[in-house]
>>> print(open('data-v3.pdb').read())   # PDB, C-alpha atoms, pLDDT in the B column
ATOM      1  CA  MET A   1     -57.076 -40.860  30.161  1.00 56.00           C
ATOM      2  CA  GLY A   2     -54.365 -43.295  28.986  1.00 59.00           C
ATOM      3  CA  GLY A   3     -55.464 -42.824  25.363  1.00 63.00           C
ATOM      4  CA  ASN A   4     -55.200 -39.068  25.758  1.00 72.00           C
ATOM      5  CA  MET A   5     -51.568 -39.369  26.985  1.00 72.00           C
ATOM      6  CA  ALA A   6     -50.656 -41.654  24.077  1.00 69.00           C
ATOM      7  CA  TYR A   7     -52.229 -39.186  21.663  1.00 67.00           C
ATOM      8  CA  ARG A   8     -50.162 -36.304  23.184  1.00 72.00           C
ATOM      9  CA  ARG A   9     -46.922 -38.318  22.956  1.00 72.00           C
ATOM     10  CA  GLU A  10     -47.670 -39.165  19.347  1.00 71.00           C
ATOM     11  CA  LYS A  11     -48.334 -35.481  18.551  1.00 67.00           C
ATOM     12  CA  GLN A  12     -45.080 -34.430  20.321  1.00 72.00           C
ATOM     13  CA  GLN A  13     -43.133 -36.993  18.304  1.00 71.00           C
ATOM     14  CA  GLU A  14     -44.666 -35.632  15.093  1.00 69.00           C
ATOM     15  CA  ILE A  15     -43.791 -32.062  16.150  1.00 68.00           C
ATOM     16  CA  SER A  16     -40.241 -33.154  17.046  1.00 71.00           C
ATOM     17  CA  LYS A  17     -39.794 -34.813  13.636  1.00 71.00           C
ATOM     18  CA  PHE A  18     -41.126 -31.678  11.958  1.00 67.00           C
ATOM     19  CA  GLN A  19     -38.760 -29.479  14.015  1.00 71.00           C
ATOM     20  CA  ILE A  20     -35.788 -31.678  13.130  1.00 71.00           C
ATOM     21  CA  ILE A  21     -36.641 -31.528   9.416  1.00 71.00           C
ATOM     22  CA  LEU A  22     -37.247 -27.763   9.591  1.00 66.00           C
ATOM     23  CA  LYS A  23     -33.930 -27.231  11.402  1.00 68.00           C
ATOM     24  CA  LEU A  24     -32.146 -29.320   8.780  1.00 66.00           C
ATOM     25  CA  PHE A  25     -33.615 -27.202   5.954  1.00 68.00           C
ATOM     26  CA  VAL A  26     -32.724 -23.964   7.782  1.00 66.00           C
ATOM     27  CA  ASP A  27     -29.160 -25.195   8.365  1.00 65.00           C
ATOM     28  CA  ILE A  28     -28.791 -26.160   4.708  1.00 70.00           C
ATOM     29  CA  ALA A  29     -30.143 -22.764   3.605  1.00 62.00           C
ATOM     30  CA  ILE A  30     -27.698 -20.941   5.907  1.00 64.00           C
ATOM     31  CA  VAL A  31     -24.712 -22.962   4.656  1.00 60.00           C
ATOM     32  CA  ALA A  32     -25.759 -22.474   1.015  1.00 54.00           C
ATOM     33  CA  GLY A  33     -26.217 -18.735   1.593  1.00 54.00           C
ATOM     34  CA  MET A  34     -22.814 -18.407   3.242  1.00 57.00           C
ATOM     35  CA  ALA A  35     -21.183 -20.404   0.443  1.00 53.00           C
ATOM     36  CA  ALA A  36     -22.810 -18.166  -2.174  1.00 53.00           C
ATOM     37  CA  PHE A  37     -21.759 -15.005  -0.294  1.00 56.00           C
ATOM     38  CA  PHE A  38     -18.125 -16.099   0.011  1.00 55.00           C
ATOM     39  CA  SER A  39     -18.064 -17.379  -3.554  1.00 53.00           C
ATOM     40  CA  ILE A  40     -19.289 -14.027  -4.884  1.00 54.00           C
ATOM     41  CA  SER A  41     -17.185 -11.892  -2.503  1.00 53.00           C
ATOM     42  CA  LEU A  42     -13.930 -13.856  -2.417  1.00 58.00           C
ATOM     43  CA  GLY A  43     -14.142 -16.267  -5.270  1.00 66.00           C
ATOM     44  CA  GLU A  44     -15.056 -14.539  -8.506  1.00 82.00           C
ATOM     45  CA  LYS A  45     -12.741 -16.023 -11.083  1.00 86.00           C
ATOM     46  CA  PHE A  46     -10.769 -13.653 -13.302  1.00 88.00           C
ATOM     47  CA  THR A  47      -8.837 -14.689 -16.403  1.00 90.00           C
ATOM     48  CA  VAL A  48      -5.765 -12.615 -17.256  1.00 92.00           C
ATOM     49  CA  VAL A  49      -5.848 -11.395 -20.848  1.00 92.00           C
ATOM     50  CA  GLY A  50      -2.608 -10.150 -22.344  1.00 93.00           C
ATOM     51  CA  TYR A  51       0.979  -9.836 -21.216  1.00 94.00           C
ATOM     52  CA  SER A  52       0.971  -6.573 -19.241  1.00 95.00           C
ATOM     53  CA  MET A  53       1.500  -8.339 -15.890  1.00 94.00           C
ATOM     54  CA  GLU A  54       4.294 -10.708 -17.003  1.00 92.00           C
ATOM     55  CA  LYS A  55       6.173 -12.192 -14.898  1.00 87.00           C
ATOM     56  CA  SER A  56       3.688 -11.967 -12.018  1.00 89.00           C
ATOM     57  CA  LEU A  57       0.711 -13.178 -14.055  1.00 91.00           C
ATOM     58  CA  THR A  58       0.606 -14.650 -17.538  1.00 90.00           C
ATOM     59  CA  ASN A  59      -1.908 -14.579 -20.361  1.00 93.00           C
ATOM     60  CA  GLY A  60      -4.732 -17.075 -19.728  1.00 92.00           C
ATOM     61  CA  GLU A  61      -3.906 -17.536 -16.049  1.00 91.00           C
ATOM     62  CA  GLU A  62      -6.892 -17.652 -13.699  1.00 91.00           C
ATOM     63  CA  ALA A  63      -7.124 -16.105 -10.241  1.00 90.00           C
ATOM     64  CA  LEU A  64      -9.761 -15.251  -7.647  1.00 90.00           C
ATOM     65  CA  ILE A  65     -10.809 -11.692  -6.862  1.00 92.00           C
ATOM     66  CA  ASN A  66     -11.360 -10.621  -3.251  1.00 92.00           C
ATOM     67  CA  LYS A  67     -14.171  -8.101  -3.788  1.00 91.00           C
ATOM     68  CA  LEU A  68     -14.733  -7.581  -0.074  1.00 90.00           C
ATOM     69  CA  ILE A  69     -11.296  -6.445   1.149  1.00 92.00           C
ATOM     70  CA  TYR A  70     -11.508  -2.770   0.184  1.00 93.00           C
ATOM     71  CA  HIS A  71     -14.728  -2.343   2.150  1.00 90.00           C
ATOM     72  CA  PHE A  72     -12.621  -2.860   5.298  1.00 92.00           C
ATOM     73  CA  LYS A  73      -9.253  -1.326   4.396  1.00 95.00           C
ATOM     74  CA  GLN A  74      -7.706   0.974   1.832  1.00 95.00           C
ATOM     75  CA  PRO A  75      -5.821  -0.411  -1.158  1.00 97.00           C
ATOM     76  CA  GLU A  76      -2.067  -0.543  -0.554  1.00 97.00           C
ATOM     77  CA  ARG A  77       0.907   0.147  -2.769  1.00 97.00           C
ATOM     78  CA  PHE A  78       1.875  -2.938  -4.824  1.00 97.00           C
ATOM     79  CA  ASP A  79      -1.539  -4.654  -4.476  1.00 97.00           C
ATOM     80  CA  ILE A  80      -2.512  -6.340  -7.745  1.00 96.00           C
ATOM     81  CA  VAL A  81      -6.067  -5.262  -8.509  1.00 97.00           C
ATOM     82  CA  VAL A  82      -8.809  -5.800 -11.059  1.00 96.00           C
ATOM     83  CA  PHE A  83     -10.495  -2.588 -12.176  1.00 95.00           C
ATOM     84  CA  CYS A  84     -12.727  -1.046 -14.815  1.00 91.00           C
ATOM     85  CA  PRO A  85     -11.028   1.747 -16.764  1.00 84.00           C
ATOM     86  CA  LYS A  86     -12.850   5.086 -16.409  1.00 76.00           C
ATOM     87  CA  GLU A  87     -16.585   4.442 -16.908  1.00 68.00           C
ATOM     88  CA  GLU A  88     -16.260   1.248 -18.990  1.00 73.00           C
ATOM     89  CA  LYS A  89     -17.922  -1.219 -16.603  1.00 71.00           C
ATOM     90  CA  ASP A  90     -17.811  -4.009 -19.209  1.00 79.00           C
ATOM     91  CA  LYS A  91     -13.986  -4.077 -19.458  1.00 87.00           C
ATOM     92  CA  ARG A  92     -11.734  -5.334 -16.689  1.00 92.00           C
ATOM     93  CA  TYR A  93      -7.985  -4.852 -16.433  1.00 94.00           C
ATOM     94  CA  VAL A  94      -5.444  -6.146 -13.948  1.00 96.00           C
ATOM     95  CA  LYS A  95      -2.560  -3.908 -12.800  1.00 97.00           C
ATOM     96  CA  ARG A  96      -0.407  -3.145  -9.765  1.00 97.00           C
ATOM     97  CA  ILE A  97      -1.089  -0.124  -7.518  1.00 98.00           C
ATOM     98  CA  ILE A  98       1.892   2.224  -7.605  1.00 98.00           C
ATOM     99  CA  GLY A  99       0.596   5.634  -6.489  1.00 98.00           C
ATOM    100  CA  LEU A 100      -1.750   6.362  -3.582  1.00 98.00           C
ATOM    101  CA  PRO A 101      -4.201   9.242  -3.009  1.00 98.00           C
ATOM    102  CA  GLY A 102      -2.499  12.613  -2.511  1.00 98.00           C
ATOM    103  CA  GLU A 103       0.856  11.497  -3.910  1.00 98.00           C
ATOM    104  CA  THR A 104       2.611  13.070  -6.880  1.00 98.00           C
ATOM    105  CA  ILE A 105       3.798  10.580  -9.493  1.00 98.00           C
ATOM    106  CA  GLN A 106       6.314  11.236 -12.245  1.00 98.00           C
ATOM    107  CA  ILE A 107       8.316   8.994 -14.551  1.00 98.00           C
ATOM    108  CA  ILE A 108      11.836  10.263 -15.154  1.00 97.00           C
ATOM    109  CA  SER A 109      14.378   8.386 -17.277  1.00 96.00           C
ATOM    110  CA  GLY A 110      12.139   5.302 -17.249  1.00 96.00           C
ATOM    111  CA  ARG A 111      11.776   5.112 -13.443  1.00 97.00           C
ATOM    112  CA  VAL A 112       8.859   5.938 -11.125  1.00 97.00           C
ATOM    113  CA  TYR A 113       9.235   8.806  -8.667  1.00 98.00           C
ATOM    114  CA  ILE A 114       6.742   9.420  -5.873  1.00 98.00           C
ATOM    115  CA  ASN A 115       6.813  12.829  -4.207  1.00 98.00           C
ATOM    116  CA  GLY A 116      10.245  13.378  -5.760  1.00 97.00           C
ATOM    117  CA  GLU A 117      11.769  10.100  -4.476  1.00 97.00           C
ATOM    118  CA  ILE A 118      12.559   7.093  -6.663  1.00 97.00           C
ATOM    119  CA  LEU A 119      10.239   4.170  -5.934  1.00 97.00           C
ATOM    120  CA  GLU A 120      11.923   0.978  -4.736  1.00 95.00           C
ATOM    121  CA  GLU A 121       9.753  -1.837  -6.071  1.00 92.00           C
ATOM    122  CA  PRO A 122       9.502  -5.428  -4.808  1.00 89.00           C
ATOM    123  CA  ILE A 123       9.617  -6.742  -8.372  1.00 89.00           C
ATOM    124  CA  GLU A 124      12.158  -6.338 -11.116  1.00 90.00           C
ATOM    125  CA  THR A 125      10.910  -4.096 -13.909  1.00 91.00           C
ATOM    126  CA  GLU A 126      12.492  -2.712 -17.020  1.00 92.00           C
ATOM    127  CA  LYS A 127      12.930   1.003 -17.658  1.00 94.00           C
ATOM    128  CA  MET A 128       9.838   2.479 -19.249  1.00 96.00           C
ATOM    129  CA  LEU A 129      10.364   3.708 -22.775  1.00 96.00           C
ATOM    130  CA  ASN A 130       7.210   5.841 -22.688  1.00 96.00           C
ATOM    131  CA  ALA A 131       6.338   7.903 -19.614  1.00 96.00           C
ATOM    132  CA  GLY A 132       3.035   8.928 -21.192  1.00 96.00           C
ATOM    133  CA  LEU A 133       1.014  11.346 -19.052  1.00 96.00           C
ATOM    134  CA  ALA A 134       3.499  10.832 -16.190  1.00 97.00           C
ATOM    135  CA  GLN A 135       6.235  12.637 -18.106  1.00 97.00           C
ATOM    136  CA  GLU A 136       4.832  15.621 -16.181  1.00 97.00           C
ATOM    137  CA  PRO A 137       4.027  15.326 -12.456  1.00 98.00           C
ATOM    138  CA  ILE A 138       0.583  13.850 -11.739  1.00 97.00           C
ATOM    139  CA  THR A 139      -0.935  14.587  -8.339  1.00 98.00           C
ATOM    140  CA  LEU A 140      -3.531  12.019  -7.362  1.00 98.00           C
ATOM    141  CA  GLY A 141      -6.823  13.230  -5.965  1.00 96.00           C
ATOM    142  CA  GLU A 142      -8.752  11.816  -3.037  1.00 95.00           C
ATOM    143  CA  ASN A 143      -9.606   8.156  -3.729  1.00 94.00           C
ATOM    144  CA  GLU A 144      -7.430   8.040  -6.876  1.00 97.00           C
ATOM    145  CA  TYR A 145      -4.701   5.506  -7.615  1.00 98.00           C
ATOM    146  CA  PHE A 146      -1.928   5.280 -10.209  1.00 98.00           C
ATOM    147  CA  LEU A 147      -1.639   1.755 -11.650  1.00 98.00           C
ATOM    148  CA  LEU A 148       1.052   0.164 -13.806  1.00 97.00           C
ATOM    149  CA  GLY A 149       1.458  -3.226 -15.408  1.00 96.00           C
ATOM    150  CA  ASP A 150       4.534  -5.192 -14.350  1.00 96.00           C
ATOM    151  CA  ASN A 151       5.567  -5.530 -18.006  1.00 96.00           C
ATOM    152  CA  ARG A 152       5.982  -1.759 -18.245  1.00 95.00           C
ATOM    153  CA  ASN A 153       6.703  -1.537 -21.974  1.00 96.00           C
ATOM    154  CA  ASN A 154       3.701  -3.667 -22.892  1.00 95.00           C
ATOM    155  CA  SER A 155       0.947  -2.261 -20.683  1.00 95.00           C
ATOM    156  CA  GLU A 156      -2.000   0.070 -21.140  1.00 94.00           C
ATOM    157  CA  ASP A 157      -2.151   1.671 -17.690  1.00 95.00           C
ATOM    158  CA  SER A 158      -2.408   4.977 -15.804  1.00 97.00           C
ATOM    159  CA  ARG A 159       0.229   6.537 -18.055  1.00 97.00           C
ATOM    160  CA  TYR A 160      -2.333   6.671 -20.838  1.00 95.00           C
ATOM    161  CA  GLU A 161      -5.484   8.747 -21.273  1.00 93.00           C
ATOM    162  CA  SER A 162      -7.586   5.611 -21.899  1.00 90.00           C
ATOM    163  CA  VAL A 163      -6.950   4.503 -18.290  1.00 93.00           C
ATOM    164  CA  GLY A 164      -5.624   7.520 -16.370  1.00 94.00           C
ATOM    165  CA  ASN A 165      -5.913   7.744 -12.600  1.00 96.00           C
ATOM    166  CA  VAL A 166      -8.193   5.014 -11.269  1.00 96.00           C
ATOM    167  CA  LYS A 167     -10.856   5.906  -8.719  1.00 96.00           C
ATOM    168  CA  ILE A 168     -11.534   3.546  -5.805  1.00 95.00           C
ATOM    169  CA  ASP A 169     -15.089   3.051  -7.121  1.00 93.00           C
ATOM    170  CA  ASN A 170     -13.650   1.512 -10.300  1.00 94.00           C
ATOM    171  CA  ILE A 171     -11.535  -1.051  -8.424  1.00 95.00           C
ATOM    172  CA  VAL A 172     -13.390  -4.381  -8.414  1.00 93.00           C
ATOM    173  CA  GLY A 173     -11.058  -6.043  -5.907  1.00 95.00           C
ATOM    174  CA  LYS A 174      -7.671  -7.521  -5.162  1.00 95.00           C
ATOM    175  CA  LEU A 175      -6.362 -10.639  -6.871  1.00 93.00           C
ATOM    176  CA  TRP A 176      -5.358 -13.015  -4.120  1.00 83.00           C
ATOM    177  CA  LEU A 177      -5.276 -16.658  -5.223  1.00 80.00           C
ATOM    178  CA  ARG A 178      -3.964 -18.241  -8.429  1.00 82.00           C
ATOM    179  CA  VAL A 179      -6.261 -21.138  -9.480  1.00 79.00           C
ATOM    180  CA  THR A 180      -5.357 -21.997 -13.076  1.00 73.00           C
ATOM    181  CA  THR A 181      -4.652 -25.661 -12.292  1.00 67.00           C
ATOM    182  CA  LEU A 182      -4.328 -27.710  -9.119  1.00 58.00           C
ATOM    183  CA  ASN A 183      -0.538 -27.668  -9.570  1.00 64.00           C
ATOM    184  CA  ASP A 184      -0.483 -23.856  -9.823  1.00 69.00           C
ATOM    185  CA  ILE A 185      -2.685 -22.919  -6.849  1.00 68.00           C
ATOM    186  CA  GLY A 186      -0.925 -20.267  -4.802  1.00 68.00           C
ATOM    187  CA  TRP A 187      -1.008 -16.782  -3.313  1.00 69.00           C
ATOM    188  CA  ILE A 188      -0.480 -13.781  -5.557  1.00 74.00           C
ATOM    189  CA  GLU A 189       2.096 -11.242  -4.423  1.00 69.00           C
TER
END
>>> encode(input="data-v3.pdb", output="structure tokens")
Amino acid sequence: MGGNMAYRREKQQEISKFQIILKLFVDIAIVAGMAAFFSISLGEKFTVVGYSMEKSLTNGEEALINKLIYHFKQPERFDIVVFCPKEEKDKRYVKRIIGLPGETIQIISGRVYINGEILEEPIETEKMLNAGLAQEPITLGENEYFLLGDNRNNSEDSRYESVGNVKIDNIVGKLWLRVTTLNDIGWIE
């Protein structure tokens, strides 16, 4: 009977070791899965190409895209977003949201008007030399946004037919963290 008890204890110890190892592998898999999820959802790196977002973002600067945020809330005015123009899924632009769904946008004398009122912006911009399509009032449809580059006279944006109004489905996400170098890490406003 004593040998039988020793055998059972030995088997329990083997099972316990197996359970510990299995738990360790499961824990590692969960952590790796969560890291991959957050990396894909909140950490896709985007490199700014061009000067259309000067002074907020410069050519060659790198930032992370939050691709998850607009699944939980609507884009807001002045968010800096990455989007695909029209149906070109292989191109990605970065611009600032100016007009929201249902609003009427017009550019008069180089300034943005929304629903007939001049837009007070949180950034300093120069007067636009070319109002483009927004020379006439543009009323945004449901889930459509009007985007402009911060460097208004050097930006291909919603004023032009090649970009036009941007649908929510074409917005990849919001730029949220500058990561070009360790010295430059910071929030994007």
>>> closest_residue(input="data-v3.pdb", among="A:Lys55, A:Arg178, A:Lys95, A:Lys17", to="Thr125 of chain A", atoms="all atoms listed in the file")
A:Lys55
>>> atom_distance(input="data-v3.pdb", atom1="atom CA of Asp169 of chain A", atom2="atom CA of Ala134 of chain A")
22.1 Å
>>> residues_around(input="data-v3.pdb", residues="Gly102 of chain A", least_positions_apart="2", cutoff="10 Å", atoms="only C-alpha atoms", output="PDB file with C-alpha atoms, in the frame of the given file")
ATOM      1  CA  GLY A  99       0.596   5.634  -6.489  1.00 98.00           C
ATOM      2  CA  LEU A 100      -1.750   6.362  -3.582  1.00 98.00           C
ATOM      3  CA  THR A 104       2.611  13.070  -6.880  1.00 98.00           C
ATOM      4  CA  ILE A 105       3.798  10.580  -9.493  1.00 98.00           C
ATOM      5  CA  ASN A 115       6.813  12.829  -4.207  1.00 98.00           C
ATOM      6  CA  ILE A 138       0.583  13.850 -11.739  1.00 97.00           C
ATOM      7  CA  THR A 139      -0.935  14.587  -8.339  1.00 98.00           C
ATOM      8  CA  LEU A 140      -3.531  12.019  -7.362  1.00 98.00           C
ATOM      9  CA  GLY A 141      -6.823  13.230  -5.965  1.00 96.00           C
ATOM     10  CA  GLU A 142      -8.752  11.816  -3.037  1.00 95.00           C
ATOM     11  CA  ASN A 143      -9.606   8.156  -3.729  1.00 94.00           C
ATOM     12  CA  GLU A 144      -7.430   8.040  -6.876  1.00 97.00           C
ATOM     13  CA  TYR A 145      -4.701   5.506  -7.615  1.00 98.00           C
TER      14      TYR A 145
END
>>> residues_near_point(input="data-v3.pdb", point="(-8.5, -8.5, -19.8)", cutoff="10 Å", atoms="only C-alpha atoms", output="list in words")
Phe46, Thr47, Val48, Val49, Gly50, Tyr51, Ser52, Asn59, Gly60, Val82, Phe83, Cys84, Lys91, Arg92, Tyr93 and Val94 of chain A
>>> resolve_selection(input="data-v3.pdb", expression="the PyMOL selection byres ((chain A and resi 117) around 12)", output="JSON, numbers by chain")
{"A": [103, 104, 105, 106, 107, 108, 111, 112, 113, 114, 115, 116, 118, 119, 120]}
>>> resolve_selection(input="data-v3.pdb", expression="the PyMOL selection byres ((chain A and resi 154) around 10)", output="list in words")
Gly50, Tyr51, Ser52, Met53, Glu54, Met128, Leu129, Gly149, Asp150, Asn151, Arg152, Asn153, Ser155, Glu156 and Asp157 of chain A
>>> atom_distance(input="data-v3.pdb", atom1="atom CA of Gly132 of chain A", atom2="atom CA of Gly164 of chain A")
10.0 Å
>>> axis_aligned_box(input="data-v3.pdb", around="segment 124-134 of chain A", padding_each_side="8 Å", output="JSON")
{"center_x": 7.0, "center_y": 2.5, "center_z": -16.9, "size_x": 27.9, "size_y": 33.7, "size_z": 27.7}
>>> resolve_selection(input="data-v3.pdb", expression="the PyMOL selection byres ((chain A and resi 80) around 7)", output="NGL selection string")
:A and (78-79 or 81 or 94-97 or 174-175)
>>> closest_residue(input="data-v3.pdb", among="A:Ile69, A:Leu57, A:Leu177, A:Leu133", to="Glu161 of chain A", atoms="only C-alpha atoms")
A:Leu133
>>> atom_distance(input="data-v3.pdb", atom1="atom CA of Arg159 of chain A", atom2="atom CA of Phe72 of chain A")
28.3 Å
>>> decode(input="data-v3.pdb", residues="segment 150-176 of chain A", atoms="N, CA and C atoms", output="compact mmCIF listing (two decimals), in the first residue's frame")
# COMPACT_ATOMS: atom_id res chain seq x y z
N ASP A 150 -2.21 71.64 -42.47
CA ASP A 150 -1.91 72.85 -41.70
C ASP A 150 -1.17 73.88 -42.54
N ASN A 151 -0.37 73.43 -43.49
CA ASN A 151 0.35 74.30 -44.40
C ASN A 151 -0.56 74.51 -45.61
N ARG A 152 -1.56 75.35 -45.43
CA ARG A 152 -2.70 75.45 -46.35
C ARG A 152 -2.34 75.70 -47.81
N ASN A 153 -1.26 76.41 -48.07
CA ASN A 153 -0.91 76.71 -49.46
C ASN A 153 0.06 75.69 -50.06
N ASN A 154 0.26 74.61 -49.35
CA ASN A 154 1.11 73.52 -49.85
C ASN A 154 0.49 72.19 -49.41
N SER A 155 -0.79 72.01 -49.71
CA SER A 155 -1.48 70.80 -49.26
C SER A 155 -2.52 70.34 -50.27
N GLU A 156 -2.46 69.06 -50.61
CA GLU A 156 -3.50 68.44 -51.42
C GLU A 156 -4.50 67.87 -50.43
N ASP A 157 -5.69 68.47 -50.35
CA ASP A 157 -6.65 68.11 -49.31
C ASP A 157 -8.07 68.16 -49.85
N SER A 158 -9.05 68.29 -48.97
CA SER A 158 -10.47 68.22 -49.38
C SER A 158 -10.89 69.33 -50.33
N ARG A 159 -10.08 70.34 -50.51
CA ARG A 159 -10.40 71.40 -51.48
C ARG A 159 -10.29 70.91 -52.91
N TYR A 160 -9.62 69.79 -53.10
CA TYR A 160 -9.32 69.32 -54.45
C TYR A 160 -10.05 68.02 -54.77
N GLU A 161 -10.40 67.88 -56.03
CA GLU A 161 -11.15 66.71 -56.51
C GLU A 161 -10.44 65.40 -56.19
N SER A 162 -9.11 65.39 -56.22
CA SER A 162 -8.35 64.16 -55.97
C SER A 162 -8.55 63.62 -54.55
N VAL A 163 -8.95 64.49 -53.62
CA VAL A 163 -9.20 64.07 -52.24
C VAL A 163 -10.69 64.21 -51.92
N GLY A 164 -11.22 65.41 -52.06
CA GLY A 164 -12.64 65.66 -51.79
C GLY A 164 -13.02 65.39 -50.35
N ASN A 165 -14.31 65.23 -50.12
CA ASN A 165 -14.79 64.89 -48.78
C ASN A 165 -14.33 63.47 -48.45
N VAL A 166 -13.91 63.26 -47.21
CA VAL A 166 -13.36 61.97 -46.81
C VAL A 166 -14.38 61.22 -45.97
N LYS A 167 -14.72 60.03 -46.40
CA LYS A 167 -15.67 59.19 -45.67
C LYS A 167 -14.99 58.54 -44.46
N ILE A 168 -15.75 58.30 -43.42
CA ILE A 168 -15.22 57.68 -42.20
C ILE A 168 -14.53 56.36 -42.51
N ASP A 169 -15.04 55.61 -43.48
CA ASP A 169 -14.45 54.32 -43.84
C ASP A 169 -13.04 54.45 -44.41
N ASN A 170 -12.69 55.65 -44.90
CA ASN A 170 -11.37 55.87 -45.47
C ASN A 170 -10.37 56.41 -44.44
N ILE A 171 -10.85 56.71 -43.22
CA ILE A 171 -9.95 57.18 -42.18
C ILE A 171 -9.34 55.97 -41.48
N VAL A 172 -8.02 55.88 -41.54
CA VAL A 172 -7.29 54.75 -40.95
C VAL A 172 -7.26 54.89 -39.43
N GLY A 173 -7.02 56.11 -38.95
CA GLY A 173 -6.95 56.35 -37.51
C GLY A 173 -6.39 57.72 -37.21
N LYS A 174 -6.23 57.96 -35.93
CA LYS A 174 -5.76 59.26 -35.43
C LYS A 174 -4.28 59.15 -35.06
N LEU A 175 -3.49 60.13 -35.51
CA LEU A 175 -2.10 60.18 -35.07
C LEU A 175 -2.09 60.65 -33.64
N TRP A 176 -1.33 59.97 -32.79
CA TRP A 176 -1.40 60.32 -31.37
C TRP A 176 -0.04 60.46 -30.69
